[in-house]
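run-v9.txt (compact mmCIF, C-alpha atoms and all ligand atoms)
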# COMPACT_ATOMS: atom_id res chain seq x y z
CA MET I 90 3.09 11.82 1.25
CA ALA I 91 5.06 10.88 4.35
CA ASP I 92 8.46 9.33 3.67
CA PRO I 93 9.23 6.19 5.70
CA LYS I 94 12.94 6.72 5.02
CA SER I 95 12.88 9.85 7.19
CA ARG I 96 10.96 8.43 10.14
CA HIS I 97 11.40 10.37 13.34
CA PRO I 98 13.84 8.29 15.44
CA LYS I 99 11.44 8.19 18.38
CA ASN I 100 8.61 6.54 16.43
CA ALA I 101 7.43 3.34 18.03
CA PRO I 102 8.28 0.30 15.88
CA GLY I 103 5.47 -0.58 13.53
CA ARG I 104 3.57 0.58 10.52
CA TRP I 105 2.51 4.04 11.71
CA PHE I 106 5.04 6.87 11.67
CA VAL I 107 5.73 10.58 11.48
CA ASP I 108 8.50 11.66 9.12
CA GLY I 109 10.97 14.53 9.29
CA SER I 110 8.72 17.12 7.65
CA CYS I 111 6.66 17.82 10.78
CA ILE I 112 6.23 21.57 11.42
CA SER I 113 5.12 21.21 15.07
CA CYS I 114 1.59 22.42 14.45
CA ASP I 115 0.23 20.24 17.30
CA THR I 116 -2.78 19.01 15.31
CA CYS I 117 -2.03 15.31 15.70
CA THR I 118 -1.04 15.57 19.34
CA ASP I 119 -4.28 17.45 20.02
CA ILE I 120 -6.29 14.76 18.18
CA SER I 121 -4.63 11.93 20.11
CA PRO I 122 -1.97 12.55 22.76
CA GLU I 123 -2.00 8.80 23.34
CA ILE I 124 -0.90 7.94 19.80
CA PHE I 125 1.32 10.98 19.18
CA GLY I 126 4.06 12.37 21.35
CA ARG I 127 6.22 15.49 21.00
CA ASP I 128 9.97 15.60 21.34
CA GLU I 129 11.96 18.38 23.00
CA GLU I 130 11.64 20.44 19.80
CA ARG I 131 7.89 19.78 19.68
CA LEU I 132 8.26 17.56 16.63
CA ALA I 133 5.69 14.79 16.58
CA TYR I 134 6.29 11.07 16.55
CA VAL I 135 4.15 7.98 17.05
CA ARG I 136 4.33 7.18 20.73
CA GLU I 137 2.26 4.03 20.64
CA LEU I 138 0.39 2.00 18.03
CA ARG I 139 -3.15 1.64 19.24
CA PRO I 140 -5.02 -0.55 16.80
CA ASP I 141 -8.23 0.15 18.71
CA GLU I 142 -7.82 3.83 17.77
CA GLU I 143 -7.18 3.40 14.06
CA LYS I 144 -9.93 5.86 13.14
CA LEU I 145 -8.27 8.56 15.23
CA PHE I 146 -4.91 7.80 13.62
CA ARG I 147 -6.45 8.14 10.15
CA PHE I 148 -8.16 11.38 11.13
CA ALA I 149 -4.79 12.77 12.26
CA LEU I 150 -3.10 11.50 9.09
CA GLU I 151 -5.67 13.29 6.95
CA SER I 152 -5.50 16.43 9.10
CA CYS I 153 -1.73 16.91 9.02
CA PRO I 154 -1.12 20.06 6.93
CA VAL I 155 2.22 18.82 5.54
CA GLU I 156 1.39 15.10 5.15
CA ALA I 157 4.08 14.12 7.65
CA ILE I 158 2.06 11.21 9.04
CA GLY I 159 2.21 7.92 7.22
CA GLU I 160 1.53 4.25 7.24
CA GLU I 161 3.69 1.53 5.71
S1 LIG I 201 -0.17 17.25 12.40
FE1 LIG I 201 1.66 16.94 11.12
S2 LIG I 201 2.81 18.86 11.20
FE2 LIG I 201 1.31 18.90 12.86
S3 LIG I 201 2.43 18.16 14.67
FE3 LIG I 201 1.42 16.38 13.72
S4 LIG I 201 2.92 15.51 12.28
FE4 LIG I 201 3.61 17.56 12.83
Structure rendered as structure tokens:
Amino acid sequence: MADPKSRHPKNAPGRWFVDGSCISCDTCTDISPEIFGRDEERLAYVRELRPDEEKLFRFALESCPVEAIGEE
């Protein structure tokens, strides 16, 4: 389960986040490059909350192999 206490510092403010356990697998950024960005180390973070794309966010959350994506 993603830990909100270790949110990536680049996450957009709001309830969706990626924590510090990302392993840079690119799954979430492939699912939605609009919602998820990659930092210079290819670690993912939430670039933008897009309530109209909640299904895509949930699909990415369920697809993350290390459960680094979360919702508060
Ligand atoms: S799916 Fe998970 S491990 Fe893969 S890049 Fe996204 S947050 Fe990181």
If we count only C-alpha atoms, what is near Ala101 (chain I) at a cut-off of 12 Å, once residues fewer than 2 positions away on the same chain are taken out, given as a compact mmCIF listing (two decimals) with C-alpha atoms, keeping the file's coordinate frame?
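File written: around-v4.txt
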# COMPACT_ATOMS: atom_id res chain seq x y z
CA ARG I 96 10.96 8.43 10.14
CA HIS I 97 11.40 10.37 13.34
CA PRO I 98 13.84 8.29 15.44
CA LYS I 99 11.44 8.19 18.38
CA GLY I 103 5.47 -0.58 13.53
CA ARG I 104 3.57 0.58 10.52
CA TRP I 105 2.51 4.04 11.71
CA PHE I 106 5.04 6.87 11.67
CA VAL I 107 5.73 10.58 11.48
CA ILE I 124 -0.90 7.94 19.80
CA PHE I 125 1.32 10.98 19.18
CA GLY I 126 4.06 12.37 21.35
CA ALA I 133 5.69 14.79 16.58
CA TYR I 134 6.29 11.07 16.55
CA VAL I 135 4.15 7.98 17.05
CA ARG I 136 4.33 7.18 20.73
CA GLU I 137 2.26 4.03 20.64
CA LEU I 138 0.39 2.00 18.03
CA ARG I 139 -3.15 1.64 19.24
Check which residues fall inside 8 Å of ligand LIG 201 (chain I) when counting all atoms listed in the file, and print them as a ChimeraX atom specification.
/I:107-108,110-118,125,127,131-134,149-150,152-158
Give me, please, the distance in Å between CA of Asn100 (chain I) and CA of Glu123 (chain I), quoted to one decimal.
12.9 Å
Record the distance separating CA of Glu151 (chain I) and CA of Pro122 (chain I), expressed in Å with one decimal.
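It comes out at 16.3 Å.
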Quick one: pull the distance between CA of Glu160 (chain I) and CA of Asp128 (chain I), Å, one decimal.
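These two atoms are separated by 20.0 Å.
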